[in-house]
Amino acid sequence: MDITGFSSLISHSIERFWLNNHSTVLLKMYVVESKAGAIGCMLLALLFLGTWPAILTLLERRGRLPQHTYLDYSITNLLAAVLIALTFGQIGDGKPNTPNFITQLYQDNWPCVLFAMAGGVFLSLGNLATQYAWAFVGLSVTEVITSSITVVIGTTLNYFLDDRINKAEILFPGVACFLIAVLLGSAVHSSNGTDNKAKLSSYTDEKGAIEISESKNAYKYTDGNKDLEDGNVSVEKAEVGTADFLIELENKRAIKVFGKSTLIGLGITFFAGFCFSLFSPAFNLATNDQWDTMKEGVPHLVVYTAFFYFSVSCFTIAIILNIAFLYYPVLNLPRSSLKAYVNDWNGRNWALLAGLVCGFGNGLQFMGGQAAGYAAADAVQALPLVSTFWGILLFGEYRKSSKRTYILLVSMLLMFIVAVAILMASSGHRKT
């Protein structure tokens with residue numbers, strides 16, 4: 001089947017489903033056009049995109065294989081894109097140059113479709129890499145590094161692709177504030193790492209290796225309350241922030257990190273950040289066709305159609321790679337199988353929820369970016385502000401750390417707040 005036939009097959013299937021279930025709905029589309037609406041979309045996207053990493057981190061710390069988790073996540077992530085396309089893409093007032101979702105599936109718009117699908121590939125690779133980086137580097141610092149790379153590369157590209165509709169005198173000082181927060185985040189990670197080494201010093205042998213078996217509290221089961229990070233069994237938990245807690249966590253988690261070089265995690269993190277920096281500019285090209293790749297008279301892809309194709313490619317790459325990782329795991333993870341994945345219901349509801357949260361977060365980011373400029377929409381890359389909150393609340397990150405670590409942590413969070421405010425203040429308004 002050629003690419004045109006594949007497009008036709010998708011179009012007929014979706015249209016049949018929609019018309020059978022919504023025959024009385026007018027085929028018109030809702031588009032965010034106001035600056036206030038765009039900022040509202042970006043704020044919701046910031047909350048959603050900062051929350052789903054915490055959910056996947058929780059499952060890894062409970063011991064669920066990341067391959068299983070990401071397969072579940074990918075299913076509902078695609079479902080979110082389909083729901084957005086069949087609702088927001090089909091309701092509200094339409095215009096001649098912004099056809100509805102179903103109509104666009106039939107149009108000869110494949111150059112821009114390919115840009116959208118390329119963006120989905122970049123996002124899928126970035127998300128796949130980060131779920132391994134969280135174990136090595138930690139939730140907060142992983143999000144800080146990947147976001148900084150996205151801001152430096154992605155926001156700059158989007159600024160020029162958007163014909164400089166954002167206020168440069170505000171936008172780039174915002175980028176600078178974000179980079180200052182990144183430096184503070186790196187200092188937090190370094191200081192916290194020093195604190196953890198001090199905590200574990202009594203459990204190390206003469207060569208500096210950590211002797212896990214000496215942990216006094218690891219896996220001491222009682223009839224007490226259920227552990228949030230275990231979910232299934234009652235445990236007498238070690239006090240959060242202590243050496244026993246760190247060793248207990250290592251025993252339970254899926255990805256073992258003790259004794260492994262932090263350069264592995266940092267390498268994965270920088271790769272993820274580079275991928276994240278390219279998916280938003282690719283989506284920008286898909287919806288605005290700045291390089292004039294479409295035939296004359298063919299409307300640009302509306303954000304909902306582009307998001308649908310974007311998510312289809314994101315889903316496809318995720319399924320292919322994670323099925324391969326089931327049988328050929330990386331980083332010394334245990335081998336699994338499709339049968340084992342299907343039968344693994346431990347934490348599946350959380351993984352499915354994470355996919356929906358991320359899917360709607362991405363959709364809201366693109367809706368806001370289409371109205372106010374994708375450079376301003378990259379303010380959602382301040383999501384470490386949200387992720388750090390969840391990291392502290394759920395996982396006890398930085399608990400019992402030094403005064404220096406706490407000062408750096410508060411400084412980082414304050415700088416993130418300033419960066420978000422400045423980047424959103426740079427929002428322009430796209431000419432229609």
# chains A, B, ... in the order shown; residues from 1 in each chain; ligands from 1

$ closest_atom_pairs --of "stretch 328-359 of chain A" --to "stretch 127-143 of chain A" --cutoff "12 Å" --atoms "only C-alpha atoms" --output "tab-separated table"
residue	atom	partner	partner_atom	distance
A:Pro329	CA	A:Tyr132	CA	11.8
A:Val330	CA	A:Tyr132	CA	9.6
A:Leu331	CA	A:Tyr132	CA	8.8
A:Asn332	CA	A:Tyr132	CA	11.7
A:Leu333	CA	A:Tyr132	CA	10.7
A:Ala354	CA	A:Asn127	CA	12.0
A:Gly355	CA	A:Asn127	CA	11.1
A:Cys358	CA	A:Asn127	CA	10.3

$ write_last_selection --atoms "N, CA, C and O atoms" --output "tab-separated table (two decimals), in the first residue's frame"
chain	number	residue	atom	x	y	z
A	329	PRO	N	16.96	-6.31	26.53
A	329	PRO	CA	16.95	-5.17	27.46
A	329	PRO	C	18.31	-4.48	27.54
A	329	PRO	O	19.35	-5.07	27.25
A	330	VAL	N	18.27	-3.22	27.95
A	330	VAL	CA	19.48	-2.42	28.12
A	330	VAL	C	19.74	-2.21	29.61
A	330	VAL	O	18.88	-2.44	30.46
A	331	LEU	N	20.95	-1.77	29.94
A	331	LEU	CA	21.34	-1.40	31.31
A	331	LEU	C	21.12	-2.53	32.31
A	331	LEU	O	20.72	-2.31	33.45
A	332	ASN	N	21.33	-3.77	31.84
A	332	ASN	CA	21.26	-4.96	32.70
A	332	ASN	C	19.88	-5.20	33.30
A	332	ASN	O	19.75	-5.87	34.34
A	333	LEU	N	18.83	-4.70	32.66
A	333	LEU	CA	17.48	-5.01	33.10
A	333	LEU	C	17.14	-6.46	32.76
A	333	LEU	O	17.70	-7.03	31.82
A	354	ALA	N	-0.64	8.22	33.10
A	354	ALA	CA	0.49	9.05	32.69
A	354	ALA	C	0.43	9.36	31.20
A	354	ALA	O	0.74	10.49	30.77
A	355	GLY	N	0.04	8.38	30.39
A	355	GLY	CA	-0.07	8.61	28.95
A	355	GLY	C	-1.12	9.65	28.61
A	355	GLY	O	-0.90	10.52	27.75
A	358	CYS	N	0.21	13.18	29.75
A	358	CYS	CA	1.23	13.69	28.82
A	358	CYS	C	0.61	14.07	27.49
A	358	CYS	O	0.96	15.11	26.91

$ residues_around --residues "A:Asp72" --least-positions-apart "3" --cutoff "6 Å" --atoms "only C-alpha atoms" --output "list of chain:residue names"
A:Thr69, A:Ile75, A:Ala351, A:Leu352

$ closest_residue --among "A:Val188, A:Leu326, A:Met117, A:Ile247" --to "A:Tyr70" --atoms "only C-alpha atoms"
A:Leu326

$ closest_atom_pairs --of "stretch 296-415 of chain A" --to "stretch 79-85 of chain A" --cutoff "6 Å" --atoms "only C-alpha atoms" --output "CSV"
residue,atom,partner,partner_atom,distance
A:Tyr304,CA,A:Ala85,CA,5.1
A:Phe308,CA,A:Ala81,CA,5.4
A:Leu356,CA,A:Ala80,CA,5.6
A:Gly359,CA,A:Ala80,CA,5.2
A:Phe360,CA,A:Ala80,CA,6.0

$ write_last_selection --atoms "N, CA, C and O atoms" --output "short mmCIF file (atom, residue, chain, number, x, y, z; two decimals), in the first residue's frame"
data_model
loop_
_atom_site.label_atom_id
_atom_site.label_comp_id
_atom_site.auth_asym_id
_atom_site.auth_seq_id
_atom_site.Cartn_x
_atom_site.Cartn_y
_atom_site.Cartn_z
N TYR A 304 -4.64 20.35 15.31
CA TYR A 304 -5.19 19.06 15.72
C TYR A 304 -4.81 17.94 14.76
O TYR A 304 -4.53 16.82 15.18
N PHE A 308 -2.31 14.81 15.62
CA PHE A 308 -2.71 13.42 15.39
C PHE A 308 -1.57 12.65 14.72
O PHE A 308 -1.17 11.57 15.18
N LEU A 356 -2.26 9.60 29.29
CA LEU A 356 -3.31 10.60 29.06
C LEU A 356 -2.84 11.98 29.48
O LEU A 356 -3.04 12.97 28.76
N GLY A 359 -0.30 13.25 26.98
CA GLY A 359 -0.94 13.53 25.69
C GLY A 359 -1.70 14.84 25.71
O GLY A 359 -1.57 15.66 24.79
N PHE A 360 -2.49 15.06 26.75
CA PHE A 360 -3.24 16.32 26.84
C PHE A 360 -2.29 17.48 27.09
O PHE A 360 -2.53 18.60 26.61
#

$ closest_residue --among "A:Gln107, A:Leu71, A:Cys41, A:Ala243" --to "A:Val298" --atoms "only C-alpha atoms"
A:Gln107

$ closest_residue --among "A:Leu114, A:Leu353, A:Ala168, A:Leu56" --to "A:Phe310" --atoms "only C-alpha atoms"
A:Leu114

$ residues_around --residues "A:Gly119" --least-positions-apart "2" --cutoff "9 Å" --atoms "only C-alpha atoms" --output "list in words"
Leu114, Phe115, Ala116, Met117, Val121, Phe122, Leu123, Ser124, Cys275, Phe276, Leu278, Phe279, Ser280, Pro281, Ala282, Phe283, Ala286, Phe310, Ser311, Ser313 and Cys314 of chain A

$ write_last_selection --atoms "all heavy atoms" --output "short mmCIF file (atom, residue, chain, number, x, y, z; two decimals), in the first residue's frame"
data_model
loop_
_atom_site.label_atom_id
_atom_site.label_comp_id
_atom_site.auth_asym_id
_atom_site.auth_seq_id
_atom_site.Cartn_x
_atom_site.Cartn_y
_atom_site.Cartn_z
N LEU A 114 4.80 14.92 7.21
CA LEU A 114 6.09 14.30 7.51
C LEU A 114 6.86 15.10 8.56
O LEU A 114 7.57 14.52 9.39
CB LEU A 114 6.91 14.17 6.23
CG LEU A 114 6.37 13.16 5.20
CD1 LEU A 114 7.23 13.16 3.94
CD2 LEU A 114 6.31 11.76 5.80
N PHE A 115 6.72 16.44 8.53
CA PHE A 115 7.34 17.25 9.59
C PHE A 115 6.72 16.90 10.95
O PHE A 115 7.43 16.77 11.96
CB PHE A 115 7.15 18.74 9.31
CG PHE A 115 8.15 19.31 8.34
CD1 PHE A 115 7.72 19.96 7.19
CD2 PHE A 115 9.51 19.21 8.57
CE1 PHE A 115 8.64 20.49 6.29
CE2 PHE A 115 10.44 19.74 7.68
CZ PHE A 115 10.00 20.38 6.53
N ALA A 116 5.39 16.77 10.97
CA ALA A 116 4.72 16.43 12.23
C ALA A 116 5.16 15.06 12.73
O ALA A 116 5.41 14.87 13.93
CB ALA A 116 3.20 16.45 12.02
N MET A 117 5.29 14.11 11.81
CA MET A 117 5.70 12.76 12.21
C MET A 117 7.16 12.74 12.67
O MET A 117 7.51 11.98 13.58
CB MET A 117 5.46 11.79 11.06
CG MET A 117 3.99 11.67 10.67
SD MET A 117 3.66 10.46 9.36
CE MET A 117 3.72 8.94 10.30
N VAL A 121 8.71 11.43 16.30
CA VAL A 121 9.86 10.54 16.48
C VAL A 121 10.81 11.12 17.52
O VAL A 121 11.28 10.42 18.43
CB VAL A 121 10.59 10.31 15.14
CG1 VAL A 121 11.91 9.58 15.37
CG2 VAL A 121 9.71 9.52 14.18
N PHE A 122 11.11 12.44 17.40
CA PHE A 122 12.01 13.08 18.36
C PHE A 122 11.45 13.01 19.79
O PHE A 122 12.19 12.72 20.74
CB PHE A 122 12.26 14.54 17.98
CG PHE A 122 13.13 14.71 16.76
CD1 PHE A 122 12.72 15.52 15.70
CD2 PHE A 122 14.36 14.08 16.68
CE1 PHE A 122 13.53 15.69 14.59
CE2 PHE A 122 15.18 14.24 15.57
CZ PHE A 122 14.76 15.04 14.52
N LEU A 123 10.15 13.29 19.94
CA LEU A 123 9.56 13.26 21.26
C LEU A 123 9.59 11.85 21.85
O LEU A 123 9.90 11.65 23.03
CB LEU A 123 8.12 13.77 21.23
CG LEU A 123 7.41 13.75 22.58
CD1 LEU A 123 8.07 14.73 23.54
CD2 LEU A 123 5.93 14.07 22.44
N SER A 124 9.28 10.85 21.04
CA SER A 124 9.26 9.47 21.52
C SER A 124 10.64 9.03 22.00
O SER A 124 10.78 8.41 23.06
CB SER A 124 8.76 8.53 20.42
OG SER A 124 8.59 7.22 20.91
N CYS A 275 16.82 15.63 21.70
CA CYS A 275 15.59 15.20 21.01
C CYS A 275 14.43 16.13 21.32
O CYS A 275 13.68 16.54 20.43
CB CYS A 275 15.24 13.77 21.41
SG CYS A 275 16.37 12.50 20.81
N PHE A 276 14.28 16.50 22.60
CA PHE A 276 13.20 17.40 22.99
C PHE A 276 13.32 18.76 22.32
O PHE A 276 12.31 19.41 22.01
CB PHE A 276 13.20 17.59 24.51
CG PHE A 276 12.71 16.40 25.29
CD1 PHE A 276 13.22 16.12 26.55
CD2 PHE A 276 11.74 15.56 24.77
CE1 PHE A 276 12.77 15.03 27.27
CE2 PHE A 276 11.28 14.46 25.49
CZ PHE A 276 11.80 14.20 26.74
N LEU A 278 14.13 19.46 19.40
CA LEU A 278 13.79 19.44 17.97
C LEU A 278 12.32 19.15 17.69
O LEU A 278 11.83 19.47 16.60
CB LEU A 278 14.65 18.41 17.24
CG LEU A 278 16.17 18.67 17.24
CD1 LEU A 278 16.90 17.55 16.51
CD2 LEU A 278 16.48 20.01 16.59
N PHE A 279 11.59 18.55 18.66
CA PHE A 279 10.22 18.15 18.31
C PHE A 279 9.29 19.35 18.15
O PHE A 279 8.41 19.35 17.28
CB PHE A 279 9.67 17.14 19.32
CG PHE A 279 9.05 17.71 20.57
CD1 PHE A 279 7.75 18.20 20.56
CD2 PHE A 279 9.74 17.74 21.76
CE1 PHE A 279 7.16 18.72 21.70
CE2 PHE A 279 9.17 18.24 22.92
CZ PHE A 279 7.87 18.74 22.88
N SER A 280 9.46 20.41 18.97
CA SER A 280 8.60 21.57 18.86
C SER A 280 8.85 22.36 17.56
O SER A 280 7.90 22.74 16.87
CB SER A 280 8.76 22.48 20.08
OG SER A 280 7.94 23.61 19.99
N PRO A 281 10.12 22.62 17.15
CA PRO A 281 10.33 23.26 15.85
C PRO A 281 9.78 22.44 14.68
O PRO A 281 9.25 23.01 13.71
CB PRO A 281 11.86 23.37 15.77
CG PRO A 281 12.30 23.45 17.19
CD PRO A 281 11.36 22.54 17.93
N ALA A 282 9.88 21.10 14.75
CA ALA A 282 9.33 20.26 13.69
C ALA A 282 7.81 20.43 13.63
O ALA A 282 7.22 20.52 12.53
CB ALA A 282 9.69 18.80 13.93
N PHE A 283 7.17 20.49 14.78
CA PHE A 283 5.71 20.69 14.81
C PHE A 283 5.36 22.08 14.29
O PHE A 283 4.34 22.26 13.61
CB PHE A 283 5.20 20.50 16.23
CG PHE A 283 3.71 20.36 16.34
CD1 PHE A 283 3.13 19.10 16.31
CD2 PHE A 283 2.89 21.46 16.46
CE1 PHE A 283 1.76 18.95 16.40
CE2 PHE A 283 1.52 21.33 16.55
CZ PHE A 283 0.95 20.07 16.52
N ALA A 286 5.32 21.97 10.68
CA ALA A 286 4.17 21.21 10.20
C ALA A 286 2.91 22.07 10.13
O ALA A 286 2.10 21.93 9.21
CB ALA A 286 3.93 19.99 11.10
N PHE A 310 1.56 13.51 14.52
CA PHE A 310 2.67 13.57 15.46
C PHE A 310 2.59 12.42 16.46
O PHE A 310 3.57 11.71 16.72
CB PHE A 310 2.60 14.93 16.18
CG PHE A 310 3.56 15.13 17.32
CD1 PHE A 310 4.78 15.73 17.11
CD2 PHE A 310 3.20 14.77 18.61
CE1 PHE A 310 5.66 15.95 18.17
CE2 PHE A 310 4.06 14.98 19.68
CZ PHE A 310 5.29 15.57 19.45
N SER A 311 1.41 12.19 17.00
CA SER A 311 1.21 11.16 18.02
C SER A 311 1.25 9.76 17.43
O SER A 311 1.68 8.81 18.10
CB SER A 311 -0.11 11.39 18.75
OG SER A 311 -0.11 12.64 19.41
N SER A 313 3.19 8.75 14.94
CA SER A 313 4.60 8.37 14.78
C SER A 313 5.26 8.16 16.14
O SER A 313 6.09 7.27 16.30
CB SER A 313 5.35 9.44 13.98
OG SER A 313 5.43 10.66 14.69
N CYS A 314 4.88 8.98 17.13
CA CYS A 314 5.40 8.81 18.49
C CYS A 314 5.03 7.43 19.02
O CYS A 314 5.87 6.72 19.60
CB CYS A 314 4.82 9.90 19.39
SG CYS A 314 5.53 9.97 21.05
#

$ atom_distance --atom1 "atom CA of A:Leu364" --atom2 "atom CA of A:Ile55"
19.4 Å

$ atom_distance --atom1 "atom CA of A:Leu285" --atom2 "atom CA of A:Cys112"
7.0 Å

$ residues_around --residues "stretch 380-395 of chain A" --least-positions-apart "6" --cutoff "10 Å" --atoms "only C-alpha atoms" --output "ChimeraX atom specification"
/A:41-55,57-58,61,138-151,155,178,181-182,185,228-229,240-241,276-277,361-362,365,409,412-420,423-424

$ write_last_selection --atoms "C-alpha atoms" --output "CSV table (one decimal), in the first residue's frame"
chain,number,residue,atom,x,y,z
A,41,CYS,CA,-3.2,26.4,27.6
A,42,MET,CA,0.4,26.8,28.5
A,43,LEU,CA,-0.2,26.9,32.2
A,44,LEU,CA,-2.3,23.7,32.1
A,45,ALA,CA,0.4,22.1,29.9
A,46,LEU,CA,3.0,23.0,32.4
A,47,LEU,CA,1.1,21.2,35.1
A,48,PHE,CA,0.4,18.1,33.0
A,49,LEU,CA,3.9,17.8,31.5
A,50,GLY,CA,5.5,18.2,34.9
A,51,THR,CA,3.3,15.5,36.5
A,52,TRP,CA,3.5,12.5,34.2
A,53,PRO,CA,7.3,12.0,34.7
A,54,ALA,CA,6.6,11.7,38.5
A,55,ILE,CA,4.1,8.9,37.8
A,57,THR,CA,9.3,7.4,38.2
A,58,LEU,CA,7.0,6.1,40.9
A,61,ARG,CA,10.8,2.8,42.0
A,138,GLY,CA,17.1,11.8,39.6
A,139,LEU,CA,13.7,13.3,38.5
A,140,SER,CA,14.5,16.9,39.3
A,141,VAL,CA,17.9,17.2,37.7
A,142,THR,CA,17.0,15.2,34.6
A,143,GLU,CA,14.1,17.5,33.9
A,144,VAL,CA,16.3,20.6,34.5
A,145,ILE,CA,19.0,19.5,32.1
A,146,THR,CA,16.6,18.4,29.3
A,147,SER,CA,14.5,21.5,29.7
A,148,SER,CA,17.6,23.7,29.5
A,149,ILE,CA,18.7,22.2,26.2
A,150,THR,CA,15.2,22.5,24.9
A,151,VAL,CA,15.1,26.2,25.8
A,155,THR,CA,13.2,28.2,21.7
A,178,PHE,CA,16.1,29.7,32.7
A,181,ALA,CA,18.0,28.1,37.1
A,182,VAL,CA,19.8,25.3,35.2
A,185,GLY,CA,19.8,22.9,39.5
A,228,LEU,CA,3.4,4.4,48.6
A,229,GLU,CA,6.4,3.3,46.5
A,240,VAL,CA,13.1,9.0,54.4
A,241,GLY,CA,16.4,10.6,53.6
A,276,PHE,CA,13.2,17.4,23.0
A,277,SER,CA,14.7,20.5,21.5
A,361,GLY,CA,-0.2,18.3,28.0
A,362,ASN,CA,1.4,18.1,24.6
A,365,GLN,CA,1.2,23.2,24.5
A,409,LEU,CA,16.9,24.2,45.9
A,412,MET,CA,16.4,27.2,41.7
A,413,LEU,CA,12.6,27.1,42.2
A,414,LEU,CA,12.4,30.9,42.5
A,415,MET,CA,14.4,31.3,39.3
A,416,PHE,CA,12.1,28.9,37.5
A,417,ILE,CA,9.1,31.0,38.5
A,418,VAL,CA,10.7,34.1,37.1
A,419,ALA,CA,11.7,32.3,33.9
A,420,VAL,CA,8.1,31.1,33.3
A,423,LEU,CA,8.8,33.7,28.7
A,424,MET,CA,5.0,34.0,28.9

$ closest_residue --among "A:Ile39, A:Ala306, A:Ala318, A:Leu59" --to "A:Ile255" --atoms "only C-alpha atoms"
A:Leu59

$ closest_residue --among "A:Tyr106, A:Ile320, A:Ala176, A:Ile91" --to "A:Thr156" --atoms "only C-alpha atoms"
A:Ala176
